[in-house]
$ cat entry_17.cif   # mmCIF, C-alpha atoms
data_coords
loop_
_atom_site.label_atom_id
_atom_site.label_comp_id
_atom_site.auth_asym_id
_atom_site.auth_seq_id
_atom_site.Cartn_x
_atom_site.Cartn_y
_atom_site.Cartn_z
CA MET I 1 -2.21 -31.80 22.99
CA ILE I 2 0.10 -29.15 21.57
CA SER I 3 -0.86 -30.21 18.06
CA ILE I 4 -4.49 -29.32 18.79
CA VAL I 5 -3.47 -25.82 19.93
CA VAL I 6 -1.32 -25.43 16.81
CA LEU I 7 -4.23 -26.54 14.67
CA ILE I 8 -6.65 -24.08 16.30
CA LEU I 9 -4.23 -21.17 15.93
CA ALA I 10 -3.54 -22.02 12.29
CA PHE I 11 -7.27 -22.37 11.64
CA LEU I 12 -7.97 -18.93 13.14
CA GLY I 13 -5.18 -17.48 11.01
CA ALA I 14 -6.49 -19.10 7.86
CA PHE I 15 -9.99 -17.86 8.65
CA LEU I 16 -8.73 -14.28 9.07
CA VAL I 17 -6.85 -14.45 5.77
CA PHE I 18 -9.99 -15.82 4.16
CA LEU I 19 -12.01 -12.93 5.66
CA ALA I 20 -9.51 -10.47 4.21
CA SER I 21 -9.93 -11.96 0.75
CA VAL I 22 -13.74 -11.88 1.01
CA GLY I 23 -13.45 -8.28 2.16
CA ILE I 24 -11.24 -7.25 -0.74
CA LEU I 25 -13.73 -8.79 -3.13
CA ARG I 26 -16.94 -7.39 -1.62
CA MET I 27 -16.11 -3.93 -0.31
CA PRO I 28 -17.16 -1.10 -2.65
CA ASP I 29 -14.13 1.23 -2.67
CA LEU I 30 -10.37 1.09 -2.22
CA PHE I 31 -10.25 2.48 1.31
CA LEU I 32 -12.85 0.02 2.55
CA ARG I 33 -10.95 -2.78 0.86
CA MET I 34 -7.75 -1.72 2.59
CA SER I 35 -9.59 -1.59 5.92
CA ALA I 36 -10.55 -5.21 5.42
CA THR I 37 -7.16 -6.45 4.23
CA ALA I 38 -4.45 -4.46 6.01
CA LYS I 39 -4.98 -6.06 9.40
CA ALA I 40 -7.02 -9.18 8.83
CA GLY I 41 -4.14 -10.29 6.62
CA THR I 42 -1.46 -9.17 9.07
CA LEU I 43 -3.12 -10.75 12.10
CA GLY I 44 -3.88 -13.95 10.23
CA VAL I 45 -0.27 -14.36 9.14
CA GLY I 46 0.86 -13.47 12.65
CA LEU I 47 -1.32 -16.23 14.14
CA MET I 48 0.03 -18.76 11.63
CA LEU I 49 3.63 -17.89 12.44
CA PHE I 50 2.75 -18.19 16.13
CA ALA I 51 1.41 -21.66 15.40
CA ALA I 52 4.75 -22.46 13.73
CA ILE I 53 6.58 -21.23 16.86
CA LEU I 54 4.51 -23.53 19.07
CA HIS I 55 4.98 -26.45 16.71
CA PHE I 56 8.78 -26.34 16.42
CA GLN I 57 9.62 -25.03 19.92
CA ASP I 58 13.16 -24.19 18.92
CA PHE I 59 15.00 -21.05 19.97
CA VAL I 60 16.41 -20.19 16.52
CA ILE I 61 13.07 -20.69 14.79
CA THR I 62 11.22 -18.76 17.49
CA SER I 63 13.44 -15.71 17.07
CA ARG I 64 13.17 -15.95 13.30
CA ALA I 65 9.36 -16.16 13.30
CA LEU I 66 9.13 -13.36 15.88
CA ALA I 67 11.29 -11.24 13.57
CA ILE I 68 8.81 -11.81 10.73
CA ILE I 69 5.84 -10.97 12.98
CA VAL I 70 7.42 -7.74 14.24
CA PHE I 71 8.41 -6.78 10.71
CA LEU I 72 4.88 -7.40 9.39
CA PHE I 73 3.27 -5.41 12.20
CA LEU I 74 5.65 -2.51 11.58
CA THR I 75 5.42 -2.41 7.79
CA ALA I 76 1.77 -3.22 7.03
CA PRO I 77 0.45 0.12 8.36
CA VAL I 78 3.20 2.02 6.56
CA ALA I 79 2.37 0.32 3.28
CA ALA I 80 -1.35 0.99 3.81
CA HIS I 81 -0.64 4.67 4.47
CA MET I 82 1.50 4.99 1.33
CA ILE I 83 -1.06 3.29 -0.91
CA ALA I 84 -3.92 5.37 0.52
CA ARG I 85 -1.99 8.58 -0.09
CA ALA I 86 -1.03 7.56 -3.62
CA ALA I 87 -4.60 6.50 -4.38
CA TYR I 88 -5.95 9.84 -3.20
CA PHE I 89 -3.59 11.67 -5.58
CA ASP I 90 -4.46 9.21 -8.31
CA GLY I 91 -8.09 10.30 -7.99
CA THR I 92 -9.54 7.10 -6.63
CA PRO I 93 -13.19 7.92 -5.93
CA LEU I 94 -14.69 7.34 -2.51
CA TRP I 95 -17.76 5.14 -2.31
CA ALA I 96 -21.04 6.99 -2.83
CA GLY I 97 -22.22 6.00 0.65
CA THR I 98 -19.33 7.77 2.39
CA VAL I 99 -20.87 10.11 4.96
CA ARG I 100 -17.96 12.47 5.62
CA ASP I 101 -14.70 13.44 3.88
CA ASP I 102 -12.47 15.74 5.90
CA LEU I 103 -9.58 15.16 3.51
CA LYS I 104 -11.28 17.04 0.69
CA TYR I 105 -9.38 20.18 -0.38
CA HIS I 106 -6.59 19.51 2.10
CA TYR I 107 -4.05 18.05 -0.31
CA GLN I 108 -1.93 20.42 -2.39
CA ILE I 109 -1.76 18.70 -5.72
CA ALA I 110 1.08 20.84 -7.07
CA THR I 111 3.48 20.31 -4.17
CA HIS I 112 2.20 16.92 -2.96
CA THR I 113 1.81 18.17 0.60
CA LEU I 114 -1.02 18.05 3.12
CA ASP I 115 -2.06 21.20 4.97
CA SER I 116 -4.03 21.36 8.18
CA GLN I 117 -6.21 24.12 6.74
CA ALA I 118 -8.72 23.42 4.00
CA HIS I 119 -8.28 25.43 0.81
CA PRO I 120 -11.21 26.88 -1.10
CA ALA I 121 -12.22 24.83 -4.07
CA GLU I 122 -11.04 27.30 -6.74
CA GLU I 123 -7.45 27.31 -5.39
CA THR I 124 -7.18 23.56 -5.46
CA PRO I 125 -7.09 22.12 -8.94
CA ALA I 126 -9.43 19.19 -9.05
CA ILE I 127 -7.95 15.75 -9.30
CA THR I 128 -8.81 14.32 -12.67
CA VAL I 129 -10.52 11.00 -12.27
CA VAL I 130 -9.79 8.65 -15.13
CA GLU I 131 -12.58 6.12 -15.37
CA GLY I 132 -11.83 2.60 -16.39
CA ASP I 133 -8.79 0.44 -16.57
CA ASP I 134 -5.33 1.89 -16.07
CA PHE I 135 -3.51 -0.51 -18.29
CA THR I 136 -5.69 -0.13 -21.35
CA GLU I 137 -5.61 3.65 -20.96
CA GLU I 138 -1.87 4.02 -20.93
CA GLY I 139 -0.92 1.11 -23.08
CA MET H 1 -7.56 -38.22 11.41
CA ILE H 2 -9.44 -35.25 12.79
CA ILE H 3 -6.16 -33.33 12.79
CA ASP H 4 -5.48 -34.25 9.18
CA LEU H 5 -8.98 -33.11 8.27
CA GLY H 6 -8.36 -29.83 10.08
CA TRP H 7 -5.18 -29.18 8.13
CA ASN H 8 -6.96 -29.97 4.89
CA ILE H 9 -9.65 -27.44 5.76
CA ILE H 10 -6.93 -24.85 6.42
CA PHE H 11 -5.34 -25.48 3.04
CA GLY H 12 -8.77 -25.26 1.43
CA LEU H 13 -9.53 -21.91 3.09
CA LEU H 14 -6.20 -20.50 1.98
CA GLY H 15 -6.73 -21.74 -1.58
CA LEU H 16 -10.20 -20.17 -1.67
CA ALA H 17 -8.71 -16.92 -0.38
CA PHE H 18 -6.17 -17.05 -3.23
CA ILE H 19 -8.90 -17.42 -5.85
CA LEU H 20 -10.96 -14.52 -4.46
CA THR H 21 -7.91 -12.25 -4.29
CA VAL H 22 -6.79 -13.12 -7.81
CA PHE H 23 -10.28 -12.21 -9.00
CA ARG H 24 -9.85 -8.74 -7.51
CA LEU H 25 -6.37 -8.54 -9.06
CA ILE H 26 -7.80 -9.20 -12.51
CA HIS H 27 -10.95 -7.15 -12.04
CA GLY H 28 -9.20 -3.97 -10.91
CA PRO H 29 -10.72 -1.47 -11.51
CA ARG H 30 -7.74 0.79 -10.80
CA LEU H 31 -4.05 0.30 -10.22
CA PRO H 32 -4.15 0.88 -6.41
CA ASP H 33 -6.71 -1.92 -6.08
CA ARG H 34 -4.34 -4.24 -7.87
CA VAL H 35 -1.43 -3.21 -5.65
CA VAL H 36 -3.52 -3.93 -2.54
CA SER H 37 -4.55 -7.33 -3.82
CA LEU H 38 -0.93 -8.18 -4.73
CA ASP H 39 0.03 -7.25 -1.17
CA LEU H 40 -2.66 -9.57 0.18
CA ILE H 41 -1.52 -12.37 -2.14
CA THR H 42 1.98 -12.10 -0.68
CA ALA H 43 0.52 -12.34 2.82
CA GLU H 44 -1.38 -15.45 1.74
CA ILE H 45 1.79 -16.99 0.35
CA ILE H 46 3.54 -16.36 3.67
CA ALA H 47 0.62 -18.07 5.42
CA VAL H 48 0.81 -21.07 3.09
CA ILE H 49 4.57 -21.30 3.63
CA SER H 50 4.21 -21.38 7.39
CA VAL H 51 1.49 -24.03 7.18
CA ALA H 52 3.66 -26.06 4.81
CA ALA H 53 6.62 -25.70 7.19
CA ILE H 54 4.48 -27.13 10.02
CA ARG H 55 3.06 -29.96 7.91
CA ALA H 56 6.38 -31.00 6.36
CA ASN H 57 8.22 -30.40 9.66
CA GLN H 58 10.76 -28.33 7.76
CA PRO H 59 11.70 -25.12 9.61
CA ALA H 60 13.93 -24.07 6.70
CA PHE H 61 10.81 -23.03 4.79
CA LEU H 62 10.38 -20.09 7.15
CA ASP H 63 13.45 -18.41 5.61
CA VAL H 64 11.48 -18.01 2.40
CA ALA H 65 8.73 -16.30 4.39
CA ILE H 66 11.24 -13.77 5.77
CA ILE H 67 12.50 -12.86 2.31
CA LEU H 68 8.94 -12.58 0.97
CA ALA H 69 7.89 -10.29 3.81
CA LEU H 70 10.86 -8.00 3.12
CA ILE H 71 10.39 -7.96 -0.65
CA SER H 72 6.63 -7.40 -0.58
CA PHE H 73 7.02 -4.31 1.57
CA LEU H 74 9.62 -2.85 -0.80
CA GLY H 75 7.41 -3.68 -3.78
CA THR H 76 4.36 -2.02 -2.27
CA VAL H 77 6.30 1.13 -1.40
CA ALA H 78 7.77 1.29 -4.90
CA PHE H 79 4.31 0.88 -6.46
CA ALA H 80 2.84 3.57 -4.20
CA TYR H 81 5.67 5.95 -5.12
CA TYR H 82 5.11 5.28 -8.81
CA ILE H 83 1.34 5.86 -8.57
CA GLU H 84 1.83 9.11 -6.71
CA GLN H 85 4.49 10.50 -9.02
CA ARG H 86 2.79 9.73 -12.31
CA VAL H 87 -0.06 12.17 -11.61
CA MET L 1 16.10 3.33 29.70
CA ASN L 2 19.28 2.78 31.72
CA ILE L 3 17.40 0.72 34.26
CA PHE L 4 16.07 -1.43 31.46
CA LEU L 5 19.65 -2.15 30.32
CA LEU L 6 20.54 -2.93 33.93
CA ASN L 7 17.62 -5.32 34.05
CA VAL L 8 18.76 -7.08 30.86
CA LEU L 9 22.27 -7.30 32.29
CA LEU L 10 20.91 -8.90 35.45
CA ALA L 11 19.02 -11.43 33.35
CA ILE L 12 22.21 -12.33 31.45
CA VAL L 13 24.15 -12.63 34.71
CA TRP L 14 21.39 -14.90 36.02
CA GLY L 15 21.73 -17.05 32.89
CA ALA L 16 25.50 -17.21 33.28
CA LEU L 17 25.32 -18.11 36.97
CA THR L 18 22.78 -20.88 36.47
CA GLY L 19 24.67 -22.02 33.36
CA ASN L 20 21.49 -22.16 31.32
CA PHE L 21 20.72 -19.71 28.54
CA ALA L 22 17.37 -21.20 27.58
CA PRO L 23 14.81 -18.46 26.90
CA GLU L 24 12.48 -19.45 29.73
CA ASN L 25 15.36 -19.30 32.18
CA LEU L 26 16.39 -15.87 30.88
CA ILE L 27 12.81 -14.62 31.24
CA GLY L 28 12.77 -15.92 34.81
CA GLY L 29 16.05 -14.08 35.43
CA PHE L 30 14.54 -10.92 33.97
CA VAL L 31 11.58 -11.12 36.35
CA ILE L 32 13.85 -11.70 39.35
CA GLY L 33 16.08 -8.81 38.26
CA TYR L 34 13.00 -6.63 37.90
CA LEU L 35 11.94 -7.40 41.45
CA ILE L 36 15.45 -6.71 42.78
CA LEU L 37 15.67 -3.39 40.95
CA TRP L 38 12.22 -2.49 42.20
CA LEU L 39 13.34 -3.17 45.78
CA VAL L 40 16.49 -1.10 45.30
CA PHE L 41 14.97 1.86 43.47
CA SER L 42 11.51 2.02 45.03
CA SER L 43 12.75 4.69 47.45
CA PHE L 44 13.40 7.07 44.53
CA PRO L 45 9.99 8.30 43.47
CA ARG L 46 11.27 10.12 40.39
CA ILE L 47 12.18 6.96 38.50
CA LYS L 48 9.28 5.99 36.28
CA TYR L 49 10.64 2.71 34.94
CA PHE L 50 8.54 0.40 37.10
CA HIS L 51 5.31 2.26 36.64
CA ARG L 52 5.94 2.44 32.91
CA PHE L 53 6.59 -1.28 32.63
CA LEU L 54 3.19 -2.08 34.11
CA LEU L 55 1.59 0.55 31.88
CA ALA L 56 3.17 -1.05 28.82
CA ILE L 57 1.83 -4.49 29.75
CA GLU L 58 -1.63 -3.06 30.40
CA PHE L 59 -1.47 -1.23 27.07
CA ILE L 60 -0.57 -4.40 25.15
CA LEU L 61 -3.39 -6.39 26.80
CA PHE L 62 -5.89 -3.61 26.14
CA PHE L 63 -4.78 -3.38 22.53
CA LEU L 64 -5.10 -7.14 21.94
CA TRP L 65 -8.62 -7.06 23.42
CA GLU L 66 -9.54 -4.12 21.18
CA ILE L 67 -8.21 -5.97 18.12
CA PHE L 68 -10.25 -9.04 19.07
CA LEU L 69 -13.51 -7.05 19.41
CA ALA L 70 -12.98 -5.12 16.20
CA ASN L 71 -12.13 -8.31 14.34
CA LEU L 72 -15.48 -9.81 15.31
CA ARG L 73 -17.18 -6.69 14.03
CA VAL L 74 -15.32 -6.70 10.73
CA ALA L 75 -16.06 -10.41 10.29
CA ALA L 76 -19.78 -9.75 10.79
CA THR L 77 -19.68 -6.86 8.33
CA VAL L 78 -17.75 -8.71 5.64
CA LEU L 79 -19.80 -11.90 5.81
CA SER L 80 -23.28 -10.41 6.17
CA PRO L 81 -25.30 -10.42 2.95
CA ARG L 82 -26.22 -6.73 3.26
CA PRO L 83 -23.30 -5.12 5.15
CA HIS L 84 -24.03 -2.16 7.39
CA LEU L 85 -21.50 0.47 6.29
CA ARG L 86 -21.22 4.16 7.10
CA PRO L 87 -17.66 4.97 6.03
CA GLY L 88 -16.13 8.37 6.53
CA VAL L 89 -12.80 10.24 6.65
CA VAL L 90 -12.37 12.14 9.92
CA GLY L 91 -9.69 14.70 10.79
CA ILE L 92 -8.54 14.17 14.37
CA PRO L 93 -6.67 17.03 16.07
CA LEU L 94 -3.44 15.64 17.51
CA SER L 95 -2.09 16.49 20.92
CA LEU L 96 0.96 14.24 20.52
CA LYS L 97 4.04 16.16 19.42
CA ARG L 98 6.93 13.81 18.76
CA ARG L 99 7.29 11.97 15.46
CA ALA L 100 7.77 8.55 17.03
CA GLU L 101 4.59 8.87 19.09
CA ILE L 102 2.54 9.90 16.07
CA ALA L 103 3.98 7.01 14.05
CA LEU L 104 3.03 4.59 16.85
CA LEU L 105 -0.49 6.03 17.01
CA MET L 106 -0.89 5.66 13.24
CA ASN L 107 0.30 2.06 13.35
CA LEU L 108 -2.08 1.16 16.15
CA ILE L 109 -5.05 2.80 14.43
CA THR L 110 -4.32 0.94 11.22
CA LEU L 111 -3.87 -2.38 13.01
CA THR L 112 -7.26 -2.05 14.68
CA PRO L 113 -9.70 -3.50 12.19
CA GLY L 114 -12.23 -1.05 10.79
CA THR L 115 -10.06 2.05 11.07
CA LEU L 116 -7.27 3.13 8.75
CA SER L 117 -4.94 6.07 9.25
CA LEU L 118 -4.46 7.87 5.96
CA ASP L 119 -2.08 10.78 6.49
CA VAL L 120 -0.80 13.46 8.88
CA SER L 121 -0.80 17.12 7.93
CA ASN L 122 2.54 18.84 7.40
CA ASP L 123 2.48 20.72 10.69
CA ARG L 124 1.54 17.50 12.56
CA LYS L 125 -1.72 18.93 13.85
CA ILE L 126 -4.35 16.76 12.19
CA LEU L 127 -4.44 13.02 11.62
CA PHE L 128 -6.84 11.80 8.97
CA VAL L 129 -8.52 8.49 9.77
CA HIS L 130 -10.82 6.43 7.60
CA THR L 131 -13.41 4.40 9.49
CA LEU L 132 -15.99 1.82 8.48
CA TRP L 133 -18.74 2.81 10.87
CA LEU L 134 -19.07 6.53 11.60
CA GLU L 135 -22.11 6.95 13.85
CA SER L 136 -21.10 10.24 15.45
CA THR L 137 -17.99 12.20 14.57
CA ASP L 138 -17.43 13.68 18.04
CA GLU L 139 -17.84 10.29 19.68
CA PHE L 140 -15.34 8.75 17.28
CA ILE L 141 -12.72 11.45 17.88
CA GLN L 142 -13.25 11.16 21.64
CA LYS L 143 -12.83 7.38 21.48
CA ILE L 144 -9.55 7.56 19.58
CA LYS L 145 -8.21 10.27 21.88
CA ASP L 146 -9.22 8.46 25.07
CA ASN L 147 -8.28 4.95 24.09
CA PHE L 148 -5.08 5.39 22.13
CA GLU L 149 -3.67 8.88 22.39
CA ARG L 150 -3.98 9.23 26.16
CA ARG L 151 -2.34 5.85 26.77
CA ILE L 152 0.55 6.62 24.42
CA GLN L 153 1.03 9.94 26.18
CA GLU L 154 1.15 8.25 29.57
CA LEU L 155 3.58 5.69 28.26
CA PHE L 156 6.09 8.16 26.84
CA GLU L 157 5.92 11.22 29.06
#

$ encode --input "entry_17.cif" --output "structure tokens"
Amino acid sequence: MISIVVLILAFLGAFLVFLASVGILRMPDLFLRMSATAKAGTLGVGLMLFAAILHFQDFVITSRALAIIVFLFLTAPVAAHMIARAAYFDGTPLWAGTVRDDLKYHYQIATHTLDSQAHPAEETPAITVVEGDDFTEEG
Amino acid sequence: MIIDLGWNIIFGLLGLAFILTVFRLIHGPRLPDRVVSLDLITAEIIAVISVAAIRANQPAFLDVAIILALISFLGTVAFAYYIEQRV
Amino acid sequence: MNIFLLNVLLAIVWGALTGNFAPENLIGGFVIGYLILWLVFSSFPRIKYFHRFLLAIEFILFFLWEIFLANLRVAATVLSPRPHLRPGVVGIPLSLKRRAEIALLMNLITLTPGTLSLDVSNDRKILFVHTLWLESTDEFIQKIKDNFERRIQELFE
């Protein structure tokens, strides 16, 4: 009986991870890709570790797997935030279908800070968008 | 039998996920996309490790998952810092 | 916080007295200790521990439900042949003040599929959120404030 529950949990986890990978392949820009991966991946892995907890039913393993789950849930949003911020400074373009961008003109490129007031366009030096592949550009 | 089939399907889904993510890793187009896909690949490896631990009945495999979770976070933060500072 | 430590202590004492430190026994001891403390302290209305404990449980259940719903939506979007997308970056005015609360709010927003918290302004007044489906900006801001921010405020005040 317990093996069926473990199987179902692991299957749900694998399906979520699979969804994340389809999302990262199909979504048109970086922020949409991160929306699809940051949690589908985290939740999928969390479900799989939960399946492992149910399978082994051992105190030491339970605490260990719970530690991984808590760590993943704490760090995945932080990592997503850092990559999004870095990508915005890097000049990653938003998808053409984006309907609203409140972040425009808020970042101070010189000091790498974010103000709550928007700055007029002429005060904010535009982020230079380098088209194409990073690695071939910089060698 | 049905349980074995179920586990095989799980391994198949995870393998397919790997292939799709590696395609994004190769395709780019920019460095942040690659960092995100590397992050997802690490999550997939953790998933495979936990499935393997259940299938082989070897709880010791989960230690590898802990180390990977720690290292992937540090790697992602280091990459993000690098991308931001090189502008 | 002190009452929480007292509660943990009671659970450990329960484990020691029954001579069984298995996790399920400790959890049972924790529940019994919680009831005892509630009986003892229920005459002091200023102590918020008991109310807060229930709020925390309700918050976790609500959050899991929200994650489940949003996951279904993301799954439909990702797998449909012509995905319905209206992405947008929205600045949400924050009424939370403390750093820990804002960090918790950011984590919860990111963990809910479909929304992604990008950054907080330097003076901690605006939180920038990226969303997959932006039908109406005011509605979206209201939803985040009602669902997440208000509950966090209740939990920590």

$ closest_atom_pairs --input "entry_17.cif" --of "chain L" --to "chain I" --cutoff "6 Å" --atoms "only C-alpha atoms" --output "JSON lines"
{"residue": "L:Val78", "atom": "CA", "partner": "I:Gly23", "partner_atom": "CA", "distance": 5.5}
{"residue": "L:Pro87", "atom": "CA", "partner": "I:Thr98", "partner_atom": "CA", "distance": 4.9}
{"residue": "L:Gly88", "atom": "CA", "partner": "I:Arg100", "partner_atom": "CA", "distance": 4.6}
{"residue": "L:Val89", "atom": "CA", "partner": "I:Asp101", "partner_atom": "CA", "distance": 4.6}
{"residue": "L:Val90", "atom": "CA", "partner": "I:Asp102", "partner_atom": "CA", "distance": 5.4}
{"residue": "L:Gly91", "atom": "CA", "partner": "I:Asp102", "partner_atom": "CA", "distance": 5.7}
{"residue": "L:Asn107", "atom": "CA", "partner": "I:Pro77", "partner_atom": "CA", "distance": 5.4}
{"residue": "L:Thr110", "atom": "CA", "partner": "I:Pro77", "partner_atom": "CA", "distance": 5.6}
{"residue": "L:Leu111", "atom": "CA", "partner": "I:Lys39", "partner_atom": "CA", "distance": 5.3}
{"residue": "L:Gly114", "atom": "CA", "partner": "I:Ser35", "partner_atom": "CA", "distance": 5.6}
{"residue": "L:Leu116", "atom": "CA", "partner": "I:Ser35", "partner_atom": "CA", "distance": 6.0}
{"residue": "L:Leu118", "atom": "CA", "partner": "I:His81", "partner_atom": "CA", "distance": 5.2}
{"residue": "L:Ser121", "atom": "CA", "partner": "I:Leu114", "partner_atom": "CA", "distance": 4.9}
{"residue": "L:Asn122", "atom": "CA", "partner": "I:Leu114", "partner_atom": "CA", "distance": 5.6}

$ closest_residue --input "entry_17.cif" --among "I:Leu66, I:Met48, I:Met1, I:Leu9" --to "chain H" --atoms "only C-alpha atoms"
I:Met48

$ residues_around --input "entry_17.cif" --residues "Asp4 in chain H" --least-positions-apart "2" --cutoff "12 Å" --atoms "only C-alpha atoms" --output "list in words"
Ser3, Ile4 and Leu7 of chain I; Met1, Ile2, Gly6, Trp7, Asn8, Ile9, Ile10, Phe11 and Arg55 of chain H

$ atom_distance --input "entry_17.cif" --atom1 "CA of Leu49 in chain I" --atom2 "CA of Ala47 in chain H"
7.6 Å

$ residues_around --input "entry_17.cif" --residues "Glu66 in chain L" --least-positions-apart "6" --cutoff "12 Å" --atoms "all atoms listed in the file" --output "PyMOL selection string"
chain L and resi 59-60+72-73+108-109+111-115+143-144+147-148

$ write_last_selection --input "entry_17.cif" --atoms "C-alpha atoms" --output "short mmCIF file (atom, residue, chain, number, x, y, z; two decimals), keeping the file's coordinate frame"
data_model
loop_
_atom_site.label_atom_id
_atom_site.label_comp_id
_atom_site.auth_asym_id
_atom_site.auth_seq_id
_atom_site.Cartn_x
_atom_site.Cartn_y
_atom_site.Cartn_z
CA PHE L 59 -1.47 -1.23 27.07
CA ILE L 60 -0.57 -4.40 25.15
CA LEU L 72 -15.48 -9.81 15.31
CA ARG L 73 -17.18 -6.69 14.03
CA LEU L 108 -2.08 1.16 16.15
CA ILE L 109 -5.05 2.80 14.43
CA LEU L 111 -3.87 -2.38 13.01
CA THR L 112 -7.26 -2.05 14.68
CA PRO L 113 -9.70 -3.50 12.19
CA GLY L 114 -12.23 -1.05 10.79
CA THR L 115 -10.06 2.05 11.07
CA LYS L 143 -12.83 7.38 21.48
CA ILE L 144 -9.55 7.56 19.58
CA ASN L 147 -8.28 4.95 24.09
CA PHE L 148 -5.08 5.39 22.13
#

$ resolve_selection --input "entry_17.cif" --expression "the PyMOL selection byres ((chain H and resi 33-46) around 9)" --output "PDB file with C-alpha atoms, keeping the file's coordinate frame"
ATOM      1  CA  ALA I  14      -6.490 -19.100   7.860  1.00  0.00           C
ATOM      2  CA  VAL I  17      -6.850 -14.450   5.770  1.00  0.00           C
ATOM      3  CA  PHE I  18      -9.990 -15.820   4.160  1.00  0.00           C
ATOM      4  CA  ALA I  20      -9.510 -10.470   4.210  1.00  0.00           C
ATOM      5  CA  SER I  21      -9.930 -11.960   0.750  1.00  0.00           C
ATOM      6  CA  ILE I  24     -11.240  -7.250  -0.740  1.00  0.00           C
ATOM      7  CA  ASP I  29     -14.130   1.230  -2.670  1.00  0.00           C
ATOM      8  CA  LEU I  30     -10.370   1.090  -2.220  1.00  0.00           C
ATOM      9  CA  ARG I  33     -10.950  -2.780   0.860  1.00  0.00           C
ATOM     10  CA  MET I  34      -7.750  -1.720   2.590  1.00  0.00           C
ATOM     11  CA  THR I  37      -7.160  -6.450   4.230  1.00  0.00           C
ATOM     12  CA  ALA I  38      -4.450  -4.460   6.010  1.00  0.00           C
ATOM     13  CA  GLY I  41      -4.140 -10.290   6.620  1.00  0.00           C
ATOM     14  CA  THR I  42      -1.460  -9.170   9.070  1.00  0.00           C
ATOM     15  CA  GLY I  44      -3.880 -13.950  10.230  1.00  0.00           C
ATOM     16  CA  VAL I  45      -0.270 -14.360   9.140  1.00  0.00           C
ATOM     17  CA  LEU I  49       3.630 -17.890  12.440  1.00  0.00           C
ATOM     18  CA  ALA I  80      -1.350   0.990   3.810  1.00  0.00           C
ATOM     19  CA  ILE I  83      -1.060   3.290  -0.910  1.00  0.00           C
ATOM     20  CA  ALA I  87      -4.600   6.500  -4.380  1.00  0.00           C
TER      21      ALA I  87
ATOM     22  CA  LEU H  14      -6.200 -20.500   1.980  1.00  0.00           C
ATOM     23  CA  GLY H  15      -6.730 -21.740  -1.580  1.00  0.00           C
ATOM     24  CA  ALA H  17      -8.710 -16.920  -0.380  1.00  0.00           C
ATOM     25  CA  PHE H  18      -6.170 -17.050  -3.230  1.00  0.00           C
ATOM     26  CA  THR H  21      -7.910 -12.250  -4.290  1.00  0.00           C
ATOM     27  CA  VAL H  22      -6.790 -13.120  -7.810  1.00  0.00           C
ATOM     28  CA  ARG H  24      -9.850  -8.740  -7.510  1.00  0.00           C
ATOM     29  CA  LEU H  25      -6.370  -8.540  -9.060  1.00  0.00           C
ATOM     30  CA  ILE H  26      -7.800  -9.200 -12.510  1.00  0.00           C
ATOM     31  CA  HIS H  27     -10.950  -7.150 -12.040  1.00  0.00           C
ATOM     32  CA  GLY H  28      -9.200  -3.970 -10.910  1.00  0.00           C
ATOM     33  CA  PRO H  29     -10.720  -1.470 -11.510  1.00  0.00           C
ATOM     34  CA  ARG H  30      -7.740   0.790 -10.800  1.00  0.00           C
ATOM     35  CA  LEU H  31      -4.050   0.300 -10.220  1.00  0.00           C
ATOM     36  CA  PRO H  32      -4.150   0.880  -6.410  1.00  0.00           C
ATOM     37  CA  ALA H  47       0.620 -18.070   5.420  1.00  0.00           C
ATOM     38  CA  VAL H  48       0.810 -21.070   3.090  1.00  0.00           C
ATOM     39  CA  ILE H  49       4.570 -21.300   3.630  1.00  0.00           C
ATOM     40  CA  SER H  50       4.210 -21.380   7.390  1.00  0.00           C
ATOM     41  CA  VAL H  51       1.490 -24.030   7.180  1.00  0.00           C
ATOM     42  CA  LEU H  62      10.380 -20.090   7.150  1.00  0.00           C
ATOM     43  CA  VAL H  64      11.480 -18.010   2.400  1.00  0.00           C
ATOM     44  CA  ALA H  65       8.730 -16.300   4.390  1.00  0.00           C
ATOM     45  CA  ILE H  66      11.240 -13.770   5.770  1.00  0.00           C
ATOM     46  CA  LEU H  68       8.940 -12.580   0.970  1.00  0.00           C
ATOM     47  CA  ALA H  69       7.890 -10.290   3.810  1.00  0.00           C
ATOM     48  CA  SER H  72       6.630  -7.400  -0.580  1.00  0.00           C
ATOM     49  CA  PHE H  73       7.020  -4.310   1.570  1.00  0.00           C
ATOM     50  CA  GLY H  75       7.410  -3.680  -3.780  1.00  0.00           C
ATOM     51  CA  THR H  76       4.360  -2.020  -2.270  1.00  0.00           C
ATOM     52  CA  PHE H  79       4.310   0.880  -6.460  1.00  0.00           C
ATOM     53  CA  ALA H  80       2.840   3.570  -4.200  1.00  0.00           C
TER      54      ALA H  80
END

$ closest_residue --input "entry_17.cif" --among "L:Gly28, L:Arg82, L:Val129, L:His51" --to "Gly15 in chain L" --atoms "all atoms listed in the file"
L:Gly28

$ residues_near_point --input "entry_17.cif" --point "(14.4, -15.3, 34.5)" --cutoff "12 Å" --atoms "all atoms listed in the file" --output "list in words"
Asn7, Val8, Leu9, Leu10, Ala11, Ile12, Val13, Trp14, Gly15, Ala16, Leu17, Thr18, Asn20, Phe21, Ala22, Pro23, Glu24, Asn25, Leu26, Ile27, Gly28, Gly29, Phe30, Val31, Ile32, Gly33, Tyr34, Leu35 and Ile36 of chain L
